[in-house]
file target_30.cif (mmCIF, C-alpha atoms and all ligand atoms)
data_coords
#
loop_
_atom_site.label_atom_id
_atom_site.label_comp_id
_atom_site.auth_asym_id
_atom_site.auth_seq_id
_atom_site.Cartn_x
_atom_site.Cartn_y
_atom_site.Cartn_z
CA MET A 1 -63.92 1.59 2.65
CA LEU A 2 -62.05 3.17 -0.21
CA ASN A 3 -61.56 6.41 1.72
CA ARG A 4 -59.95 4.50 4.58
CA ALA A 5 -57.51 2.58 2.41
CA HIS A 6 -56.40 5.63 0.52
CA PRO A 7 -54.67 7.72 3.22
CA SER A 8 -52.74 4.80 4.66
CA ALA A 9 -51.51 3.86 1.19
CA ARG A 10 -50.41 7.43 0.67
CA ILE A 11 -48.51 7.44 4.00
CA ARG A 12 -46.78 4.20 3.06
CA CYS A 13 -45.82 5.77 -0.25
CA MET A 14 -44.45 8.84 1.54
CA GLN A 15 -42.48 6.67 3.95
CA ARG A 16 -40.91 4.92 1.00
CA HIS A 17 -39.94 8.25 -0.50
CA VAL A 18 -38.37 9.36 2.77
CA LEU A 19 -36.43 6.08 2.95
CA ILE A 20 -35.13 6.55 -0.60
CA PHE A 21 -34.16 10.12 0.20
CA VAL A 22 -32.28 9.04 3.35
CA ALA A 23 -30.55 6.25 1.43
CA LEU A 24 -29.48 8.63 -1.34
CA ALA A 25 -28.30 11.20 1.19
CA ALA A 26 -26.24 8.54 2.99
CA LEU A 27 -24.79 7.41 -0.33
CA GLY A 28 -23.92 10.99 -1.24
CA LEU A 29 -22.22 11.53 2.09
CA GLY A 30 -20.35 8.26 1.71
CA ILE A 31 -19.06 9.24 -1.73
CA ALA A 32 -18.12 12.71 -0.49
CA ALA A 33 -16.26 11.25 2.50
CA CYS A 34 -14.53 8.68 0.29
CA GLY A 35 -13.54 11.32 -2.23
CA SER A 36 -12.06 13.64 0.34
CA SER A 37 -10.15 10.89 2.13
CA SER A 38 -8.60 9.51 -1.07
CA LYS A 39 -7.69 13.06 -2.05
CA SER A 40 -5.79 13.62 1.17
CA THR A 41 -3.86 10.33 0.96
CA THR A 42 -2.89 10.73 -2.71
CA PRO A 43 -2.27 14.41 -3.38
CA ALA A 44 -0.78 13.50 -6.75
CA SER A 45 -4.16 12.52 -8.24
CA SER A 46 -4.86 15.87 -9.87
CA SER A 47 -4.30 16.33 -13.60
CA GLY A 48 -0.70 16.71 -14.65
CA ALA A 49 0.52 14.78 -11.62
CA ALA A 50 3.46 12.42 -11.81
CA GLN A 51 2.81 8.71 -12.30
CA ILE A 52 6.04 7.82 -10.54
CA THR A 53 7.23 9.77 -7.53
CA ILE A 54 10.36 9.27 -5.48
CA ASP A 55 10.05 10.38 -1.89
CA SER A 56 12.78 11.71 0.39
CA SER A 57 13.24 8.26 1.95
CA PHE A 58 14.30 6.78 -1.40
CA THR A 59 11.03 5.00 -2.11
CA PHE A 60 9.25 4.76 -5.46
CA HIS A 61 5.49 5.33 -5.62
CA THR A 62 3.71 4.40 -8.83
CA THR A 63 0.24 4.64 -10.31
CA PRO A 64 -0.87 2.54 -13.33
CA VAL A 65 -0.37 4.13 -16.75
CA LYS A 66 -1.65 3.56 -20.27
CA ALA A 67 0.58 2.13 -23.01
CA GLY A 68 2.13 4.87 -25.11
CA SER A 69 1.29 7.63 -22.64
CA THR A 70 3.83 10.00 -21.19
CA VAL A 71 5.00 8.88 -17.78
CA THR A 72 6.15 11.69 -15.54
CA VAL A 73 8.67 10.90 -12.82
CA LYS A 74 8.88 13.40 -9.97
CA ASN A 75 11.89 13.26 -7.71
CA ASP A 76 10.89 14.72 -4.35
CA ALA A 77 14.27 13.81 -2.87
CA SER A 78 17.25 16.15 -2.79
CA VAL A 79 19.60 13.71 -4.54
CA THR A 80 19.66 12.33 -8.09
CA HIS A 81 17.84 9.07 -8.81
CA THR A 82 17.13 7.03 -11.91
CA VAL A 83 14.11 5.05 -13.03
CA THR A 84 15.72 2.20 -14.93
CA GLN A 85 13.82 -0.79 -16.23
CA ASP A 86 15.33 -4.11 -15.14
CA GLY A 87 17.17 -5.67 -18.07
CA SER A 88 16.63 -3.04 -20.75
CA GLY A 89 13.96 -0.50 -21.65
CA PHE A 90 13.12 2.84 -20.12
CA ASP A 91 15.90 4.64 -18.27
CA VAL A 92 15.64 8.22 -17.04
CA THR A 93 17.81 10.19 -14.64
CA ILE A 94 16.07 12.73 -12.40
CA ASP A 95 17.96 15.31 -10.39
CA GLY A 96 16.69 16.14 -6.91
CA GLY A 97 13.52 18.22 -6.97
CA LYS A 98 13.10 17.75 -10.73
CA THR A 99 10.85 15.79 -13.05
CA ALA A 100 11.59 13.68 -16.12
CA THR A 101 9.38 11.86 -18.60
CA PHE A 102 9.46 8.75 -20.76
CA THR A 103 6.95 6.97 -22.97
CA ALA A 104 5.12 4.06 -21.39
CA PRO A 105 5.90 0.73 -23.08
CA ALA A 106 3.31 -1.89 -24.16
CA ALA A 107 0.88 -3.26 -21.59
CA GLY A 108 2.44 -5.34 -18.87
CA THR A 109 4.19 -5.01 -15.54
CA TYR A 110 7.70 -3.69 -15.49
CA LYS A 111 10.19 -3.96 -12.67
CA PHE A 112 12.59 -1.07 -12.39
CA HIS A 113 15.29 0.20 -10.04
CA CYS A 114 17.60 3.13 -9.38
CA LYS A 115 21.07 2.68 -10.88
CA ILE A 116 22.64 4.87 -8.20
CA HIS A 117 20.91 3.21 -5.23
CA THR A 118 20.38 -0.37 -6.38
CA PHE A 119 18.27 -1.20 -3.31
CA MET A 120 15.56 1.11 -4.68
CA LYS A 121 13.06 -1.02 -6.56
CA GLY A 122 9.70 -0.32 -8.10
CA MET A 123 7.06 -1.79 -10.36
CA LEU A 124 5.17 -0.01 -13.12
CA THR A 125 1.86 -1.37 -14.36
CA VAL A 126 0.97 -0.49 -17.95
CA SER A 127 -2.51 -1.24 -19.29
CU CU A 201 18.44 6.52 -6.30
#

call {"tool": "encode", "arguments": {"input": "target_30.cif", "output": "structure tokens", "more": "lines below"}}
Ligand SMILES: [Cu+2]
result
Amino acid sequence: MLNRAHPSARIRCMQRHVLIFVALAALGLGIAACGSSSKSTTPASSSGAAQITIDSSFTFHTTPVKAGSTVTVKNDASVTHTVTQDGSGFDVTIDGGKTATFTAPAAGTYKFHCKIHTFMKGMLTVS
């Protein structure tokens, strides 16, 4: 009796192990696929990347920053733009193809614009 129960129990155990292995493998593939896809859509995610970029179609792209950290603005356009906080606050001018930096203010959300092209608007989230 005992000898009969034993092998089947062992097979069940092995099946469970195979299932866990398959689940982990699927998870690993999912993370790998996710990582590679997010990398291709946001090439600016590597260290030293700009937190604010201005593309050639006069659009701001921002990523959240930490209070007191250095915010790098990269102007990928060929003309000069500014990152100017609405009201008062940060205000940097960035020539085409250049970068500029400013210190992130206290936590909050900050609306900003370009003084030269007032239709250009952005929002910076500081945590
Ligand atoms: Cu501009």

call {"tool": "closest_residue", "arguments": {"input": "target_30.cif", "among": "A:Ala100, A:Ala49, A:Cys114, A:Val83", "to": "Val65 of chain A", "atoms": "all atoms listed in the file"}}
result
A:Ala49

call {"tool": "residues_near_ligand", "arguments": {"input": "target_30.cif", "ligand": "ligand CU 201 (chain A)", "cutoff": "9 Å", "atoms": "all atoms listed in the file", "output": "NGL selection string"}}
result
:A and (54 or 58-59 or 79-83 or 113-120)

call {"tool": "closest_residue", "arguments": {"input": "target_30.cif", "among": "A:Asn75, A:Thr99, A:Thr125, A:Gln51", "to": "Lys111 of chain A", "atoms": "all atoms listed in the file"}}
result
A:Thr125

call {"tool": "atom_distance", "arguments": {"input": "target_30.cif", "atom1": "atom CA of Lys66 of chain A", "atom2": "atom CA of Ser127 of chain A"}}
result
5.0 Å

call {"tool": "closest_residue", "arguments": {"input": "target_30.cif", "among": "A:Asp76, A:Ala104, A:Val126, A:Ala67", "to": "Asp91 of chain A", "atoms": "only C-alpha atoms"}}
result
A:Ala104

call {"tool": "atom_distance", "arguments": {"input": "target_30.cif", "atom1": "atom CA of Ile94 of chain A", "atom2": "atom CA of Thr109 of chain A"}}
result
21.6 Å

call {"tool": "axis_aligned_box", "arguments": {"input": "target_30.cif", "around": "segment 86-101 of chain A", "padding_each_side": "5 Å", "output": "JSON"}}
result
{"center_x": 13.7, "center_y": 6.3, "center_z": -14.3, "size_x": 18.6, "size_y": 33.9, "size_z": 24.7}

call {"tool": "closest_residue", "arguments": {"input": "target_30.cif", "among": "A:Tyr110, A:Ser88, A:Ser57, A:Lys98", "to": "Gly122 of chain A", "atoms": "only C-alpha atoms"}}
result
A:Tyr110

call {"tool": "build_atoms", "arguments": {"input": "target_30.cif", "residues": "segment 86-97 of chain A", "atoms": "all heavy atoms", "output": "compact mmCIF listing (two decimals), in the coordinates of the input"}}
result
# COMPACT_ATOMS: atom_id res chain seq x y z
N ASP A 86 14.46 -2.95 -15.31
CA ASP A 86 15.33 -4.11 -15.14
C ASP A 86 15.58 -4.74 -16.51
O ASP A 86 14.66 -4.87 -17.31
CB ASP A 86 14.66 -5.15 -14.21
CG ASP A 86 14.58 -4.67 -12.76
OD1 ASP A 86 14.84 -3.47 -12.52
OD2 ASP A 86 14.26 -5.49 -11.89
N GLY A 87 16.82 -5.13 -16.76
CA GLY A 87 17.17 -5.67 -18.07
C GLY A 87 17.45 -4.52 -19.01
O GLY A 87 18.48 -3.88 -18.95
N SER A 88 16.49 -4.22 -19.89
CA SER A 88 16.63 -3.04 -20.75
C SER A 88 15.24 -2.43 -20.94
O SER A 88 14.24 -3.06 -20.65
CB SER A 88 17.23 -3.42 -22.10
OG SER A 88 16.35 -4.30 -22.77
N GLY A 89 15.24 -1.20 -21.45
CA GLY A 89 13.96 -0.50 -21.65
C GLY A 89 14.08 0.94 -21.22
O GLY A 89 15.10 1.58 -21.49
N PHE A 90 13.07 1.44 -20.53
CA PHE A 90 13.12 2.84 -20.12
C PHE A 90 14.23 3.09 -19.09
O PHE A 90 14.60 2.19 -18.31
CB PHE A 90 11.76 3.33 -19.60
CG PHE A 90 11.15 2.50 -18.48
CD1 PHE A 90 11.56 2.65 -17.17
CD2 PHE A 90 10.14 1.58 -18.76
CE1 PHE A 90 10.99 1.92 -16.13
CE2 PHE A 90 9.55 0.83 -17.74
CZ PHE A 90 9.99 1.00 -16.43
N ASP A 91 14.78 4.28 -19.15
CA ASP A 91 15.90 4.64 -18.27
C ASP A 91 16.00 6.17 -18.24
O ASP A 91 16.43 6.78 -19.20
CB ASP A 91 17.19 4.02 -18.82
CG ASP A 91 18.39 4.30 -17.91
OD1 ASP A 91 18.20 4.79 -16.79
OD2 ASP A 91 19.52 4.00 -18.36
N VAL A 92 15.55 6.77 -17.16
CA VAL A 92 15.64 8.22 -17.04
C VAL A 92 16.37 8.58 -15.74
O VAL A 92 16.29 7.86 -14.75
CB VAL A 92 14.25 8.91 -17.06
CG1 VAL A 92 13.64 8.84 -18.45
CG2 VAL A 92 13.32 8.33 -16.02
N THR A 93 17.10 9.67 -15.80
CA THR A 93 17.81 10.19 -14.64
C THR A 93 17.11 11.47 -14.19
O THR A 93 16.81 12.33 -15.04
CB THR A 93 19.28 10.48 -15.00
OG1 THR A 93 19.88 9.26 -15.44
CG2 THR A 93 20.05 11.02 -13.79
N ILE A 94 16.81 11.57 -12.90
CA ILE A 94 16.07 12.73 -12.40
C ILE A 94 16.84 13.36 -11.25
O ILE A 94 17.06 12.72 -10.21
CB ILE A 94 14.65 12.33 -11.90
CG1 ILE A 94 14.00 11.29 -12.80
CG2 ILE A 94 13.76 13.57 -11.78
CD1 ILE A 94 14.15 9.87 -12.34
N ASP A 95 17.26 14.59 -11.45
CA ASP A 95 17.96 15.31 -10.39
C ASP A 95 16.98 15.60 -9.25
O ASP A 95 15.76 15.63 -9.45
CB ASP A 95 18.52 16.63 -10.94
CG ASP A 95 19.72 16.40 -11.85
OD1 ASP A 95 20.36 15.34 -11.73
OD2 ASP A 95 20.01 17.29 -12.67
N GLY A 96 17.53 15.85 -8.07
CA GLY A 96 16.69 16.14 -6.91
C GLY A 96 15.76 17.33 -7.17
O GLY A 96 16.20 18.35 -7.70
N GLY A 97 14.49 17.15 -6.81
CA GLY A 97 13.52 18.22 -6.97
C GLY A 97 13.03 18.44 -8.39
O GLY A 97 12.26 19.37 -8.64
